[in-house]
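Colleague: One structure is given below, represented as structure tokens, and several questions about it will come after.
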Amino acid sequence: MRILDGIEELRAWRRGLEPGATVGFVPTMGALHDGHLSLVARAREAAEVVAVSVFVNPTQFGANEDLDRYPRDREGDAERTGSAGADAIWFAREEEVYPPGFATTVDLPPIARRLCGLDRPVHFPGVALIVLKLFHLFRPTHAFFGEKDYQQCVLVERMVRDLDLEIEIVRCPLVREESGLARSSRNSNLTPEGREVGVALSRGLFRAREAFDRGERDAARLIAGAAVEIEDPRISLEYLELVDPVTLAPLDAVDPERGGRLLVAARLESVRLIDNIALGGEGGGA
Ligand code: PAF
């Protein structure tokens, strides 16, 4: 696997690819875990060339968020990405991505200010900005995003559609630890006890899924069932919402054909955790 050093080397590598080659791109913030590697594996199946970027993007973190605490593991990332079959990896440097005087921003639709965007107003504009830049640099034919960041998937798809980018966005299923905890680079900032307590989030989501499978369609009752499992004095719930899988508008009831998405965000030991589950629709039970 080629380790690309600097934007110029990345551009030269991209120019040197076979014209017309399919390029699968996996953008990441590093500290790669099995969830990321599942994206690389999916890209390997779908494209002739597979590239990964690693960049803890400061513009998607608010002041007082965990930018400094975000886990970093350059060596481990290179090793794991190579073993997973990627052809190239780029560790971006902040001064190259955002040189002095950088001032452009990306404006997003109102759904970027709901759910995760409510407490983190700069988050999705920052994500959109870096993803757009990376798309221009890598010029992928396919890009792979994990459904753990469900709202991010919806917003990136929307941006690609609105801006006529010729990139197929491939959503990949969320990957869980054996305990049920959604895999996240941030899990490494939890204590062993925190990791156990955090399983309550997925327990809540699975409880809602069971109720849905038994025929429950009422959003308030599905949410209440999940909330009972999640309730813990150590967990500070940010939101638990059942939304339309496409528009992310809150639902009163789930139409099993169209489906719903139950999304949760919470803080535990100062670590922000998110998780979600499909209820109905494609691959969403019942
Ligand atoms: O999902 C992530 O890890 C990040 O938001 C992304 C897409 C790499 C942009 O920094």
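Following the order of the structure tokens, first chain is A, next is B, and so on, with residues numbered from 1 inside each chain and ligands from 1 in the order they appear.
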I want to know what sits within 8 Å of A:Val54, based on only C-alpha atoms, with residues of the same chain fewer than 3 positions away left out; could you give that as JSON, numbers by chain?
Modeller: {"A": [27, 28, 29, 30, 89, 90, 91, 92]}
Colleague: How about saving the chosen residues, all heavy atoms kept, as a JSON list (two decimals), in the first residue's frame?
Modeller:
[["chain", "number", "residue", "atom", "x", "y", "z"],
["A", 27, "PRO", "N", -13.26, 7.99, 3.44],
["A", 27, "PRO", "CA", -12.74, 9.08, 4.28],
["A", 27, "PRO", "C", -12.87, 8.70, 5.75],
["A", 27, "PRO", "O", -13.90, 8.16, 6.16],
["A", 27, "PRO", "CB", -13.68, 10.25, 3.94],
["A", 27, "PRO", "CG", -14.95, 9.62, 3.48],
["A", 27, "PRO", "CD", -14.62, 8.25, 2.95],
["A", 28, "THR", "N", -11.83, 8.94, 6.54],
["A", 28, "THR", "CA", -11.89, 8.61, 7.97],
["A", 28, "THR", "C", -11.19, 9.69, 8.80],
["A", 28, "THR", "O", -10.47, 10.52, 8.26],
["A", 28, "THR", "CB", -11.18, 7.26, 8.28],
["A", 28, "THR", "OG1", -9.77, 7.49, 8.36],
["A", 28, "THR", "CG2", -11.46, 6.20, 7.25],
["A", 29, "MET", "N", -11.39, 9.58, 10.10],
["A", 29, "MET", "CA", -10.62, 10.42, 11.02],
["A", 29, "MET", "C", -9.60, 9.57, 11.77],
["A", 29, "MET", "O", -9.06, 9.99, 12.79],
["A", 29, "MET", "CB", -11.56, 11.14, 12.00],
["A", 29, "MET", "CG", -12.50, 12.10, 11.26],
["A", 29, "MET", "SD", -13.02, 13.51, 12.24],
["A", 29, "MET", "CE", -13.83, 12.72, 13.60],
["A", 30, "GLY", "N", -9.36, 8.36, 11.28],
["A", 30, "GLY", "CA", -8.31, 7.53, 11.86],
["A", 30, "GLY", "C", -8.74, 6.78, 13.09],
["A", 30, "GLY", "O", -9.93, 6.68, 13.38],
["A", 89, "ILE", "N", -3.11, 5.35, 1.14],
["A", 89, "ILE", "CA", -3.66, 6.06, 2.30],
["A", 89, "ILE", "C", -3.00, 7.44, 2.34],
["A", 89, "ILE", "O", -1.81, 7.57, 2.03],
["A", 89, "ILE", "CB", -3.41, 5.27, 3.61],
["A", 89, "ILE", "CG1", -4.13, 5.93, 4.79],
["A", 89, "ILE", "CG2", -1.92, 5.13, 3.93],
["A", 89, "ILE", "CD1", -4.21, 5.01, 6.03],
["A", 90, "TRP", "N", -3.80, 8.44, 2.68],
["A", 90, "TRP", "CA", -3.28, 9.80, 2.80],
["A", 90, "TRP", "C", -3.54, 10.31, 4.21],
["A", 90, "TRP", "O", -4.69, 10.36, 4.65],
["A", 90, "TRP", "CB", -3.95, 10.73, 1.80],
["A", 90, "TRP", "CG", -3.43, 12.14, 1.83],
["A", 90, "TRP", "CD1", -2.13, 12.52, 1.84],
["A", 90, "TRP", "CD2", -4.19, 13.35, 1.86],
["A", 90, "TRP", "NE1", -2.02, 13.89, 1.87],
["A", 90, "TRP", "CE2", -3.28, 14.43, 1.88],
["A", 90, "TRP", "CE3", -5.56, 13.64, 1.86],
["A", 90, "TRP", "CZ2", -3.68, 15.76, 1.91],
["A", 90, "TRP", "CZ3", -5.97, 14.96, 1.89],
["A", 90, "TRP", "CH2", -5.04, 16.01, 1.91],
["A", 91, "PHE", "N", -2.46, 10.64, 4.94],
["A", 91, "PHE", "CA", -2.60, 11.28, 6.24],
["A", 91, "PHE", "C", -2.50, 12.78, 5.99],
["A", 91, "PHE", "O", -1.41, 13.30, 5.73],
["A", 91, "PHE", "CB", -1.47, 10.83, 7.18],
["A", 91, "PHE", "CG", -1.57, 9.38, 7.58],
["A", 91, "PHE", "CD1", -0.86, 8.40, 6.87],
["A", 91, "PHE", "CD2", -2.38, 8.97, 8.63],
["A", 91, "PHE", "CE1", -0.96, 7.06, 7.23],
["A", 91, "PHE", "CE2", -2.48, 7.63, 8.99],
["A", 91, "PHE", "CZ", -1.76, 6.68, 8.28],
["A", 92, "ALA", "N", -3.64, 13.42, 6.01],
["A", 92, "ALA", "CA", -3.65, 14.85, 5.65],
["A", 92, "ALA", "C", -3.07, 15.69, 6.77],
["A", 92, "ALA", "O", -3.21, 15.37, 7.95],
["A", 92, "ALA", "CB", -5.08, 15.28, 5.37]]
Colleague: Can you pull out every residue with an atom within 8 Å of ligand 1? Use only C-alpha atoms and all ligand atoms and format it as number ranges by chain.
Modeller: A: 26-30, 53-57, 60, 126-128, 130-131, 145-146, 149, 152
Colleague: For the residues in that selection, give me N, CA and C atoms as a PDB file, in the first residue's frame.
Modeller:
ATOM      1  N   VAL A  26     -12.577   5.863   1.016  1.00  0.00           N
ATOM      2  CA  VAL A  26     -13.078   5.770   2.386  1.00  0.00           C
ATOM      3  C   VAL A  26     -12.473   6.917   3.203  1.00  0.00           C
ATOM      4  N   PRO A  27     -13.257   7.990   3.438  1.00  0.00           N
ATOM      5  CA  PRO A  27     -12.743   9.084   4.277  1.00  0.00           C
ATOM      6  C   PRO A  27     -12.866   8.699   5.748  1.00  0.00           C
ATOM      7  N   THR A  28     -11.830   8.945   6.537  1.00  0.00           N
ATOM      8  CA  THR A  28     -11.894   8.610   7.967  1.00  0.00           C
ATOM      9  C   THR A  28     -11.195   9.687   8.796  1.00  0.00           C
ATOM     10  N   MET A  29     -11.393   9.579  10.101  1.00  0.00           N
ATOM     11  CA  MET A  29     -10.620  10.424  11.024  1.00  0.00           C
ATOM     12  C   MET A  29      -9.599   9.575  11.770  1.00  0.00           C
ATOM     13  N   GLY A  30      -9.357   8.360  11.276  1.00  0.00           N
ATOM     14  CA  GLY A  30      -8.308   7.530  11.855  1.00  0.00           C
ATOM     15  C   GLY A  30      -8.739   6.780  13.094  1.00  0.00           C
ATOM     16  N   SER A  53      -8.468   8.134   3.417  1.00  0.00           N
ATOM     17  CA  SER A  53      -7.845   9.345   3.969  1.00  0.00           C
ATOM     18  C   SER A  53      -7.998   9.323   5.482  1.00  0.00           C
ATOM     19  N   VAL A  54      -7.016   9.898   6.163  1.00  0.00           N
ATOM     20  CA  VAL A  54      -7.060  10.021   7.621  1.00  0.00           C
ATOM     21  C   VAL A  54      -6.818  11.486   7.961  1.00  0.00           C
ATOM     22  N   PHE A  55      -7.823  12.096   8.604  1.00  0.00           N
ATOM     23  CA  PHE A  55      -7.672  13.500   8.980  1.00  0.00           C
ATOM     24  C   PHE A  55      -8.672  13.820  10.078  1.00  0.00           C
ATOM     25  N   VAL A  56      -8.166  14.196  11.245  1.00  0.00           N
ATOM     26  CA  VAL A  56      -9.067  14.624  12.320  1.00  0.00           C
ATOM     27  C   VAL A  56      -9.395  16.079  12.013  1.00  0.00           C
ATOM     28  N   ASN A  57     -10.532  16.247  11.387  1.00  0.00           N
ATOM     29  CA  ASN A  57     -10.883  17.522  10.757  1.00  0.00           C
ATOM     30  C   ASN A  57     -11.343  18.566  11.781  1.00  0.00           C
ATOM     31  N   GLN A  60     -15.009  20.357  11.991  1.00  0.00           N
ATOM     32  CA  GLN A  60     -16.249  19.702  12.391  1.00  0.00           C
ATOM     33  C   GLN A  60     -16.356  19.539  13.910  1.00  0.00           C
ATOM     34  N   GLY A 126     -18.799  21.496   8.800  1.00  0.00           N
ATOM     35  CA  GLY A 126     -17.384  21.097   8.765  1.00  0.00           C
ATOM     36  C   GLY A 126     -17.195  19.774   8.042  1.00  0.00           C
ATOM     37  N   VAL A 127     -18.115  18.843   8.272  1.00  0.00           N
ATOM     38  CA  VAL A 127     -18.044  17.542   7.585  1.00  0.00           C
ATOM     39  C   VAL A 127     -18.212  17.752   6.076  1.00  0.00           C
ATOM     40  N   ALA A 128     -19.218  18.543   5.712  1.00  0.00           N
ATOM     41  CA  ALA A 128     -19.489  18.757   4.286  1.00  0.00           C
ATOM     42  C   ALA A 128     -18.279  19.399   3.598  1.00  0.00           C
ATOM     43  N   ILE A 130     -15.030  19.277   4.450  1.00  0.00           N
ATOM     44  CA  ILE A 130     -13.880  18.385   4.269  1.00  0.00           C
ATOM     45  C   ILE A 130     -14.219  17.274   3.264  1.00  0.00           C
ATOM     46  N   VAL A 131     -15.446  16.772   3.312  1.00  0.00           N
ATOM     47  CA  VAL A 131     -15.806  15.691   2.387  1.00  0.00           C
ATOM     48  C   VAL A 131     -15.746  16.213   0.946  1.00  0.00           C
ATOM     49  N   PHE A 145     -19.511   5.219   3.328  1.00  0.00           N
ATOM     50  CA  PHE A 145     -19.811   5.847   4.621  1.00  0.00           C
ATOM     51  C   PHE A 145     -20.584   4.850   5.485  1.00  0.00           C
ATOM     52  N   GLY A 146     -20.244   4.824   6.774  1.00  0.00           N
ATOM     53  CA  GLY A 146     -20.910   3.894   7.687  1.00  0.00           C
ATOM     54  C   GLY A 146     -22.211   4.473   8.206  1.00  0.00           C
ATOM     55  N   ASP A 149     -23.046   6.843  11.459  1.00  0.00           N
ATOM     56  CA  ASP A 149     -23.252   8.290  11.324  1.00  0.00           C
ATOM     57  C   ASP A 149     -24.409   8.488  10.337  1.00  0.00           C
ATOM     58  N   GLN A 152     -25.112  11.938   8.924  1.00  0.00           N
ATOM     59  CA  GLN A 152     -24.020  12.281   7.995  1.00  0.00           C
ATOM     60  C   GLN A 152     -24.252  11.626   6.622  1.00  0.00           C
TER      61      GLN A 152
END
Colleague: Please list as number ranges by chain every residue within 12 Å of stretch 213-223 of chain A, counting only C-alpha atoms and excluding residues in the same chain fewer than 4 positions away.
Modeller: A: 201, 204-209, 227-231, 239-244, 250-257, 259-264, 277-280, 284-286
Colleague: Would you write out those residues with C-alpha atoms, as a compact mmCIF listing (two decimals), in the first residue's frame?
Modeller:
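Result file selection-v3.txt:
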# COMPACT_ATOMS: atom_id res chain seq x y z
CA LEU A 201 -27.86 2.50 24.11
CA GLY A 204 -32.65 0.36 24.07
CA LEU A 205 -32.60 0.33 20.28
CA PHE A 206 -32.96 -3.45 20.15
CA ARG A 207 -35.87 -3.29 22.58
CA ALA A 208 -37.64 -0.86 20.24
CA ARG A 209 -36.89 -3.15 17.31
CA ALA A 227 -35.68 5.01 27.00
CA VAL A 228 -36.36 2.58 29.85
CA GLU A 229 -33.31 0.52 28.85
CA ILE A 230 -31.10 3.57 28.33
CA GLU A 231 -32.02 5.26 31.63
CA TYR A 239 -31.69 12.88 21.99
CA LEU A 240 -33.67 9.73 21.28
CA GLU A 241 -35.78 10.30 18.19
CA LEU A 242 -37.71 8.20 15.73
CA VAL A 243 -37.45 9.83 12.32
CA ASP A 244 -38.26 9.31 8.68
CA PRO A 250 -39.85 13.17 13.48
CA LEU A 251 -42.50 10.45 13.11
CA ASP A 252 -45.72 9.90 15.08
CA ALA A 253 -45.95 6.34 13.80
CA VAL A 254 -43.85 4.04 11.63
CA ASP A 255 -45.16 2.92 8.26
CA PRO A 256 -43.47 -0.51 7.99
CA GLU A 257 -43.05 -0.16 4.21
CA GLY A 259 -39.64 2.41 7.72
CA GLY A 260 -38.28 4.64 10.44
CA ARG A 261 -34.90 5.20 12.03
CA LEU A 262 -34.49 5.36 15.77
CA LEU A 263 -31.48 7.55 16.53
CA VAL A 264 -29.78 8.15 19.86
CA ILE A 277 -31.41 1.21 14.23
CA ALA A 278 -33.80 0.71 11.33
CA LEU A 279 -37.43 -0.09 12.11
CA GLY A 280 -39.10 -1.47 9.00
CA GLY A 284 -35.38 -3.06 9.20
CA GLY A 285 -37.19 -6.09 10.62
CA ALA A 286 -40.90 -7.03 10.58
Colleague: Hey, what's within 10 Å of A:Ser188 if we count only C-alpha atoms and toss same-chain stuff fewer than 5 positions away? As an NGL selection string, please?
Modeller: :A and (31 or 70-71 or 183 or 195 or 271)
Colleague: Kindly export the residues of the current selection with C-alpha atoms, as a PDB file, in the first residue's frame.
Modeller:
ATOM      1  CA  ALA A  31      -7.984   5.327  14.952  1.00  0.00           C
ATOM      2  CA  TYR A  70      -9.801  12.387  19.665  1.00  0.00           C
ATOM      3  CA  PRO A  71      -7.738   9.162  19.436  1.00  0.00           C
ATOM      4  CA  ARG A 183     -18.004   0.545  17.166  1.00  0.00           C
ATOM      5  CA  ARG A 195     -17.986   0.394  27.860  1.00  0.00           C
ATOM      6  CA  VAL A 271     -17.542  10.753  25.611  1.00  0.00           C
TER       7      VAL A 271
END
Colleague: When you look at A:Gly194 with a cut-off of 7 Å (counting only C-alpha atoms), what residues show up, excluding the ones that are within fewer than 3 positions of it in the same chain? I need them as a list in words.
Modeller: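 After dropping sequence-adjacent residues, the list is Leu190, Thr191, Val197, Gly198, Leu268 and Glu269 of chain A.
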Colleague: Kindly save the residues from that selection, with all heavy atoms included, as a PDB file, in the first residue's frame.
Modeller:
ATOM      1  N   LEU A 190     -13.428   5.481  26.644  1.00  0.00           N
ATOM      2  CA  LEU A 190     -14.283   5.009  27.748  1.00  0.00           C
ATOM      3  C   LEU A 190     -13.474   4.093  28.668  1.00  0.00           C
ATOM      4  O   LEU A 190     -12.592   3.363  28.200  1.00  0.00           O
ATOM      5  CB  LEU A 190     -15.463   4.196  27.198  1.00  0.00           C
ATOM      6  CG  LEU A 190     -16.545   4.940  26.423  1.00  0.00           C
ATOM      7  CD1 LEU A 190     -17.512   3.937  25.784  1.00  0.00           C
ATOM      8  CD2 LEU A 190     -17.312   5.890  27.347  1.00  0.00           C
ATOM      9  N   THR A 191     -13.805   4.113  29.957  1.00  0.00           N
ATOM     10  CA  THR A 191     -13.206   3.132  30.871  1.00  0.00           C
ATOM     11  C   THR A 191     -13.892   1.785  30.611  1.00  0.00           C
ATOM     12  O   THR A 191     -14.967   1.739  29.977  1.00  0.00           O
ATOM     13  CB  THR A 191     -13.467   3.529  32.338  1.00  0.00           C
ATOM     14  OG1 THR A 191     -14.898   3.482  32.546  1.00  0.00           O
ATOM     15  CG2 THR A 191     -12.943   4.926  32.641  1.00  0.00           C
ATOM     16  N   VAL A 197     -21.514   0.206  30.560  1.00  0.00           N
ATOM     17  CA  VAL A 197     -22.707   1.051  30.745  1.00  0.00           C
ATOM     18  C   VAL A 197     -23.254   1.475  29.377  1.00  0.00           C
ATOM     19  O   VAL A 197     -24.462   1.500  29.139  1.00  0.00           O
ATOM     20  CB  VAL A 197     -22.348   2.293  31.601  1.00  0.00           C
ATOM     21  CG1 VAL A 197     -23.528   3.246  31.695  1.00  0.00           C
ATOM     22  CG2 VAL A 197     -21.891   1.872  32.988  1.00  0.00           C
ATOM     23  N   GLY A 198     -22.340   1.769  28.444  1.00  0.00           N
ATOM     24  CA  GLY A 198     -22.730   2.273  27.119  1.00  0.00           C
ATOM     25  C   GLY A 198     -23.557   1.289  26.305  1.00  0.00           C
ATOM     26  O   GLY A 198     -24.269   1.690  25.377  1.00  0.00           O
ATOM     27  N   LEU A 268     -21.395   9.913  27.995  1.00  0.00           N
ATOM     28  CA  LEU A 268     -21.046   8.995  29.070  1.00  0.00           C
ATOM     29  C   LEU A 268     -19.557   9.185  29.329  1.00  0.00           C
ATOM     30  O   LEU A 268     -18.756   9.112  28.383  1.00  0.00           O
ATOM     31  CB  LEU A 268     -21.361   7.562  28.578  1.00  0.00           C
ATOM     32  CG  LEU A 268     -20.820   6.392  29.375  1.00  0.00           C
ATOM     33  CD1 LEU A 268     -21.423   6.356  30.761  1.00  0.00           C
ATOM     34  CD2 LEU A 268     -21.165   5.075  28.654  1.00  0.00           C
ATOM     35  N   GLU A 269     -19.199   9.456  30.562  1.00  0.00           N
ATOM     36  CA  GLU A 269     -17.784   9.732  30.910  1.00  0.00           C
ATOM     37  C   GLU A 269     -17.198  10.809  29.981  1.00  0.00           C
ATOM     38  O   GLU A 269     -16.091  10.671  29.480  1.00  0.00           O
ATOM     39  CB  GLU A 269     -16.945   8.458  30.814  1.00  0.00           C
ATOM     40  CG  GLU A 269     -17.399   7.372  31.776  1.00  0.00           C
ATOM     41  CD  GLU A 269     -16.572   6.102  31.698  1.00  0.00           C
ATOM     42  OE1 GLU A 269     -15.966   5.843  30.646  1.00  0.00           O
ATOM     43  OE2 GLU A 269     -16.543   5.371  32.700  1.00  0.00           O
TER      44      GLU A 269
END
Colleague: I need the residue nearest A:Leu174 from this list: A:Gly35, A:Gly117, A:Gly281, A:Pro99. Use only C-alpha atoms for the distance.
Modeller: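 With only C-alpha atoms as the atom set, the closest residue is A:Gly35.
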Colleague: With only C-alpha atoms as the basis for distance, which of A:Ala12, A:Ile169, A:Ala143, A:Leu118 is at the shortest distance from A:Val52?
Modeller: A:Ala143
Colleague: Near A:Pro19, within 12 Å and counting only C-alpha atoms, which residues show up once chain neighbours fewer than 2 positions away are dropped, as an MDAnalysis selection string?
Modeller: chainID A and resid 14:17 21:23 48:49 139 141
Colleague: According to DSSP computed on the backbone, where in stretch 109-255 of chain A is there helix (DSSP H, G or I)? Give the residues as a PyMOL selection string.
Modeller: chain A and resi 110-113+116-119+123-138+150-162+185-189+192-213+219-230
